[in-house]
Amino acid sequence: MKGRITCDQINAVVNNLNKAMMAKYKIRHQAPGSMNTADRALYYRYIKEENKDTEGCYFIVEDDIKLFTSMKMDKRFHQILIILRHCQRLREIRTSGIIRYVIC
């Protein structure tokens, strides 16, 4: 592990990422006509965030993590993301100012 990060801390981040991913794609797989205005705005934001690089991939952005979880986006969180990238559990796609975290 890197520094003093424990396996429990990494697993907690992975669980929170999974929770954010499930919440995002629960909204994403609904019909826009059956949503309230807040969910519909999120739905159209998710459509806008997709591009040819993320076609067919499940991904989240930092705004999704902030919205659906109570995690802090601090240095320790980014170190855990680096560990997950090294283990090939996570991939970053950086385009147009948005960092997309693709679950592998």
# chains A, B, ... in the order shown; residues from 1 in each chain; ligands from 1
>>> residues_around(residues="stretch 41-52 of chain A", least_positions_apart="2", cutoff="8 Å", atoms="only C-alpha atoms", output="PyMOL selection string")
chain A and resi 27-28+32+37-39+54-55
>>> residues_around(residues="A:Arg100", least_positions_apart="3", cutoff="12 Å", atoms="only C-alpha atoms", output="short mmCIF file (atom, residue, chain, number, x, y, z; two decimals) with all heavy atoms, in the first residue's frame")
data_model
loop_
_atom_site.label_atom_id
_atom_site.label_comp_id
_atom_site.auth_asym_id
_atom_site.auth_seq_id
_atom_site.Cartn_x
_atom_site.Cartn_y
_atom_site.Cartn_z
N MET A 21 -21.94 4.78 -8.62
CA MET A 21 -22.16 4.21 -9.95
C MET A 21 -23.58 3.66 -10.08
O MET A 21 -24.26 3.90 -11.08
CB MET A 21 -21.14 3.10 -10.20
CG MET A 21 -21.21 2.47 -11.56
SD MET A 21 -20.50 3.48 -12.83
CE MET A 21 -18.80 3.46 -12.38
N TYR A 46 -25.81 13.55 -17.85
CA TYR A 46 -25.11 12.29 -18.10
C TYR A 46 -25.00 12.02 -19.60
O TYR A 46 -23.97 11.53 -20.07
CB TYR A 46 -25.83 11.13 -17.42
CG TYR A 46 -25.87 11.22 -15.92
CD1 TYR A 46 -26.90 10.64 -15.20
CD2 TYR A 46 -24.89 11.88 -15.21
CE1 TYR A 46 -26.95 10.71 -13.82
CE2 TYR A 46 -24.92 11.96 -13.83
CZ TYR A 46 -25.95 11.38 -13.15
OH TYR A 46 -25.99 11.47 -11.78
N GLU A 49 -22.20 14.17 -20.94
CA GLU A 49 -20.85 13.77 -20.54
C GLU A 49 -20.30 12.61 -21.36
O GLU A 49 -19.10 12.38 -21.38
CB GLU A 49 -20.83 13.39 -19.06
CG GLU A 49 -20.97 14.55 -18.13
CD GLU A 49 -21.11 14.13 -16.68
OE1 GLU A 49 -21.30 12.92 -16.41
OE2 GLU A 49 -21.05 15.01 -15.82
N GLU A 50 -21.16 11.87 -22.03
CA GLU A 50 -20.69 10.74 -22.82
C GLU A 50 -20.04 11.22 -24.11
O GLU A 50 -20.45 12.22 -24.69
CB GLU A 50 -21.84 9.79 -23.13
CG GLU A 50 -22.34 9.05 -21.94
CD GLU A 50 -23.41 8.05 -22.27
OE1 GLU A 50 -23.74 7.89 -23.47
OE2 GLU A 50 -23.91 7.42 -21.35
N ASN A 51 -19.04 10.48 -24.56
CA ASN A 51 -18.39 10.76 -25.83
C ASN A 51 -17.96 9.44 -26.46
O ASN A 51 -18.26 8.37 -25.94
CB ASN A 51 -17.21 11.73 -25.66
CG ASN A 51 -16.13 11.21 -24.74
OD1 ASN A 51 -16.14 10.05 -24.36
ND2 ASN A 51 -15.19 12.06 -24.40
N ASP A 53 -15.11 8.04 -26.56
CA ASP A 53 -14.16 7.29 -25.73
C ASP A 53 -14.87 6.47 -24.66
O ASP A 53 -14.36 5.44 -24.21
CB ASP A 53 -13.17 8.22 -25.06
CG ASP A 53 -12.25 8.90 -26.07
OD1 ASP A 53 -12.01 8.32 -27.15
OD2 ASP A 53 -11.78 10.01 -25.78
N THR A 54 -16.03 6.94 -24.19
CA THR A 54 -16.74 6.26 -23.11
C THR A 54 -17.91 5.43 -23.60
O THR A 54 -18.69 4.94 -22.79
CB THR A 54 -17.26 7.30 -22.09
OG1 THR A 54 -18.16 8.18 -22.75
CG2 THR A 54 -16.13 8.05 -21.47
N CYS A 57 -18.95 2.01 -21.90
CA CYS A 57 -18.26 1.90 -20.62
C CYS A 57 -19.11 2.51 -19.51
O CYS A 57 -19.87 3.43 -19.74
CB CYS A 57 -16.92 2.65 -20.67
SG CYS A 57 -15.77 2.04 -21.88
N TYR A 58 -18.93 1.99 -18.32
CA TYR A 58 -19.55 2.57 -17.14
C TYR A 58 -18.55 3.51 -16.50
O TYR A 58 -17.45 3.10 -16.16
CB TYR A 58 -19.97 1.49 -16.15
CG TYR A 58 -21.13 0.66 -16.63
CD1 TYR A 58 -20.95 -0.63 -17.10
CD2 TYR A 58 -22.41 1.19 -16.62
CE1 TYR A 58 -22.02 -1.38 -17.55
CE2 TYR A 58 -23.49 0.44 -17.05
CZ TYR A 58 -23.29 -0.84 -17.52
OH TYR A 58 -24.35 -1.58 -17.95
N PHE A 59 -18.93 4.77 -16.34
CA PHE A 59 -18.01 5.75 -15.79
C PHE A 59 -18.75 6.70 -14.86
O PHE A 59 -19.97 6.84 -14.92
CB PHE A 59 -17.32 6.54 -16.90
CG PHE A 59 -18.21 7.49 -17.64
CD1 PHE A 59 -18.30 8.81 -17.24
CD2 PHE A 59 -18.97 7.07 -18.70
CE1 PHE A 59 -19.13 9.69 -17.91
CE2 PHE A 59 -19.80 7.93 -19.38
CZ PHE A 59 -19.88 9.26 -18.97
N ILE A 60 -17.98 7.36 -14.01
CA ILE A 60 -18.49 8.42 -13.16
C ILE A 60 -17.50 9.58 -13.19
O ILE A 60 -16.35 9.41 -13.57
CB ILE A 60 -18.73 7.97 -11.70
CG1 ILE A 60 -17.48 7.33 -11.11
CG2 ILE A 60 -19.90 7.03 -11.60
CD1 ILE A 60 -17.63 6.94 -9.66
N VAL A 61 -17.97 10.74 -12.80
CA VAL A 61 -17.11 11.92 -12.69
C VAL A 61 -17.12 12.37 -11.22
O VAL A 61 -17.89 11.85 -10.41
CB VAL A 61 -17.56 13.05 -13.63
CG1 VAL A 61 -17.43 12.64 -15.08
CG2 VAL A 61 -18.98 13.48 -13.34
N GLU A 62 -16.27 13.31 -10.88
CA GLU A 62 -16.17 13.74 -9.49
C GLU A 62 -17.47 14.35 -8.98
O GLU A 62 -17.80 14.22 -7.80
CB GLU A 62 -15.01 14.73 -9.32
CG GLU A 62 -13.66 14.06 -9.37
CD GLU A 62 -12.54 14.98 -8.94
OE1 GLU A 62 -12.81 16.10 -8.51
OE2 GLU A 62 -11.39 14.55 -9.04
N ASP A 63 -18.23 15.00 -9.85
CA ASP A 63 -19.52 15.56 -9.42
C ASP A 63 -20.49 14.47 -8.98
O ASP A 63 -21.26 14.67 -8.04
CB ASP A 63 -20.15 16.37 -10.55
CG ASP A 63 -19.38 17.64 -10.85
OD1 ASP A 63 -18.66 18.11 -9.94
OD2 ASP A 63 -19.50 18.17 -11.97
N ASP A 64 -20.44 13.31 -9.63
CA ASP A 64 -21.30 12.19 -9.22
C ASP A 64 -20.90 11.68 -7.85
O ASP A 64 -21.76 11.35 -7.02
CB ASP A 64 -21.20 11.04 -10.24
CG ASP A 64 -21.64 11.45 -11.63
OD1 ASP A 64 -22.47 12.38 -11.73
OD2 ASP A 64 -21.14 10.86 -12.59
N ILE A 65 -19.60 11.61 -7.60
CA ILE A 65 -19.12 11.13 -6.31
C ILE A 65 -19.54 12.09 -5.21
O ILE A 65 -19.99 11.68 -4.14
CB ILE A 65 -17.59 10.94 -6.35
CG1 ILE A 65 -17.22 9.88 -7.39
CG2 ILE A 65 -17.05 10.55 -4.99
CD1 ILE A 65 -15.75 9.82 -7.71
N LEU A 81 -7.30 6.46 -5.57
CA LEU A 81 -7.59 6.33 -7.00
C LEU A 81 -6.34 5.93 -7.78
O LEU A 81 -6.42 5.13 -8.71
CB LEU A 81 -8.16 7.63 -7.56
CG LEU A 81 -9.56 8.00 -7.12
CD1 LEU A 81 -9.99 9.30 -7.78
CD2 LEU A 81 -10.55 6.91 -7.41
N LEU A 90 -9.50 0.70 -12.24
CA LEU A 90 -10.05 2.00 -12.58
C LEU A 90 -9.19 2.59 -13.70
O LEU A 90 -7.98 2.36 -13.75
CB LEU A 90 -9.98 2.91 -11.35
CG LEU A 90 -10.70 4.23 -11.36
CD1 LEU A 90 -12.20 3.98 -11.26
CD2 LEU A 90 -10.26 5.06 -10.18
N ARG A 91 -9.84 3.31 -14.58
CA ARG A 91 -9.12 3.95 -15.68
C ARG A 91 -9.60 5.39 -15.78
O ARG A 91 -10.78 5.66 -15.57
CB ARG A 91 -9.40 3.20 -16.98
CG ARG A 91 -8.48 3.52 -18.10
CD ARG A 91 -8.76 2.66 -19.30
NE ARG A 91 -9.98 3.15 -19.95
CZ ARG A 91 -10.88 2.39 -20.55
NH1 ARG A 91 -10.73 1.10 -20.57
NH2 ARG A 91 -11.93 2.91 -21.09
N GLU A 92 -8.73 6.31 -16.08
CA GLU A 92 -9.10 7.71 -16.23
C GLU A 92 -9.14 8.07 -17.70
O GLU A 92 -8.25 7.70 -18.46
CB GLU A 92 -8.08 8.63 -15.54
CG GLU A 92 -8.23 8.72 -14.08
CD GLU A 92 -7.29 9.76 -13.48
OE1 GLU A 92 -6.58 10.46 -14.24
OE2 GLU A 92 -7.27 9.87 -12.25
N ILE A 93 -10.18 8.83 -18.07
CA ILE A 93 -10.25 9.41 -19.40
C ILE A 93 -10.36 10.91 -19.20
O ILE A 93 -11.34 11.39 -18.64
CB ILE A 93 -11.45 8.86 -20.20
CG1 ILE A 93 -11.32 7.37 -20.40
CG2 ILE A 93 -11.57 9.58 -21.53
CD1 ILE A 93 -12.50 6.72 -21.07
N ARG A 94 -9.34 11.64 -19.67
CA ARG A 94 -9.30 13.09 -19.48
C ARG A 94 -9.54 13.76 -20.83
O ARG A 94 -8.67 13.75 -21.70
CB ARG A 94 -7.95 13.52 -18.94
CG ARG A 94 -7.65 13.02 -17.56
CD ARG A 94 -6.23 13.36 -17.17
NE ARG A 94 -5.96 12.94 -15.82
CZ ARG A 94 -5.87 13.79 -14.80
NH1 ARG A 94 -6.01 15.07 -15.00
NH2 ARG A 94 -5.63 13.35 -13.59
N THR A 95 -10.72 14.34 -20.97
CA THR A 95 -11.03 15.10 -22.18
C THR A 95 -11.90 16.29 -21.81
O THR A 95 -12.73 16.21 -20.91
CB THR A 95 -11.79 14.25 -23.22
OG1 THR A 95 -12.95 13.69 -22.61
CG2 THR A 95 -10.94 13.14 -23.78
N SER A 96 -11.69 17.37 -22.49
CA SER A 96 -12.49 18.60 -22.39
C SER A 96 -12.72 19.05 -20.94
O SER A 96 -13.81 19.47 -20.59
CB SER A 96 -13.83 18.44 -23.11
OG SER A 96 -14.64 17.49 -22.47
N GLY A 97 -11.70 18.96 -20.13
CA GLY A 97 -11.79 19.46 -18.77
C GLY A 97 -12.53 18.59 -17.78
O GLY A 97 -12.69 18.95 -16.63
N ILE A 103 -14.84 2.27 -14.76
CA ILE A 103 -14.68 1.05 -13.98
C ILE A 103 -14.30 -0.08 -14.93
O ILE A 103 -15.01 -0.35 -15.88
CB ILE A 103 -15.99 0.71 -13.22
CG1 ILE A 103 -16.44 1.87 -12.37
CG2 ILE A 103 -15.83 -0.56 -12.42
CD1 ILE A 103 -15.47 2.27 -11.29
#
>>> select_by_dssp(residues="chain A", states="strand (DSSP E)", output="MDAnalysis selection string")
chainID A and resid 59:61 90:95 98:103
>>> select_by_dssp(residues="chain A", states="helix (DSSP H, G or I)", output="PyMOL selection string")
chain A and resi 7-28+32-34+37-49+52-54+62-68+75-86
>>> residues_around(residues="A:Arg89", least_positions_apart="5", cutoff="9 Å", atoms="only C-alpha atoms", output="list in words")
Ile83, Leu84, Val102, Ile103 and Cys104 of chain A
>>> write_last_selection(atoms="C-alpha atoms", output="JSON list (two decimals), in the first residue's frame")
[["chain", "number", "residue", "atom", "x", "y", "z"],
["A", 83, "ILE", "CA", -3.74, 2.67, -6.28],
["A", 84, "LEU", "CA", -6.89, 1.49, -8.09],
["A", 102, "VAL", "CA", -14.09, 4.22, -15.95],
["A", 103, "ILE", "CA", -14.68, 1.05, -13.98],
["A", 104, "CYS", "CA", -12.71, -1.82, -15.51]]
>>> atom_distance(atom1="atom CA of A:Asn16", atom2="atom CA of A:Phe77")
11.2 Å
>>> atom_distance(atom1="atom CA of A:Ala23", atom2="atom CA of A:Asn36")
15.2 Å
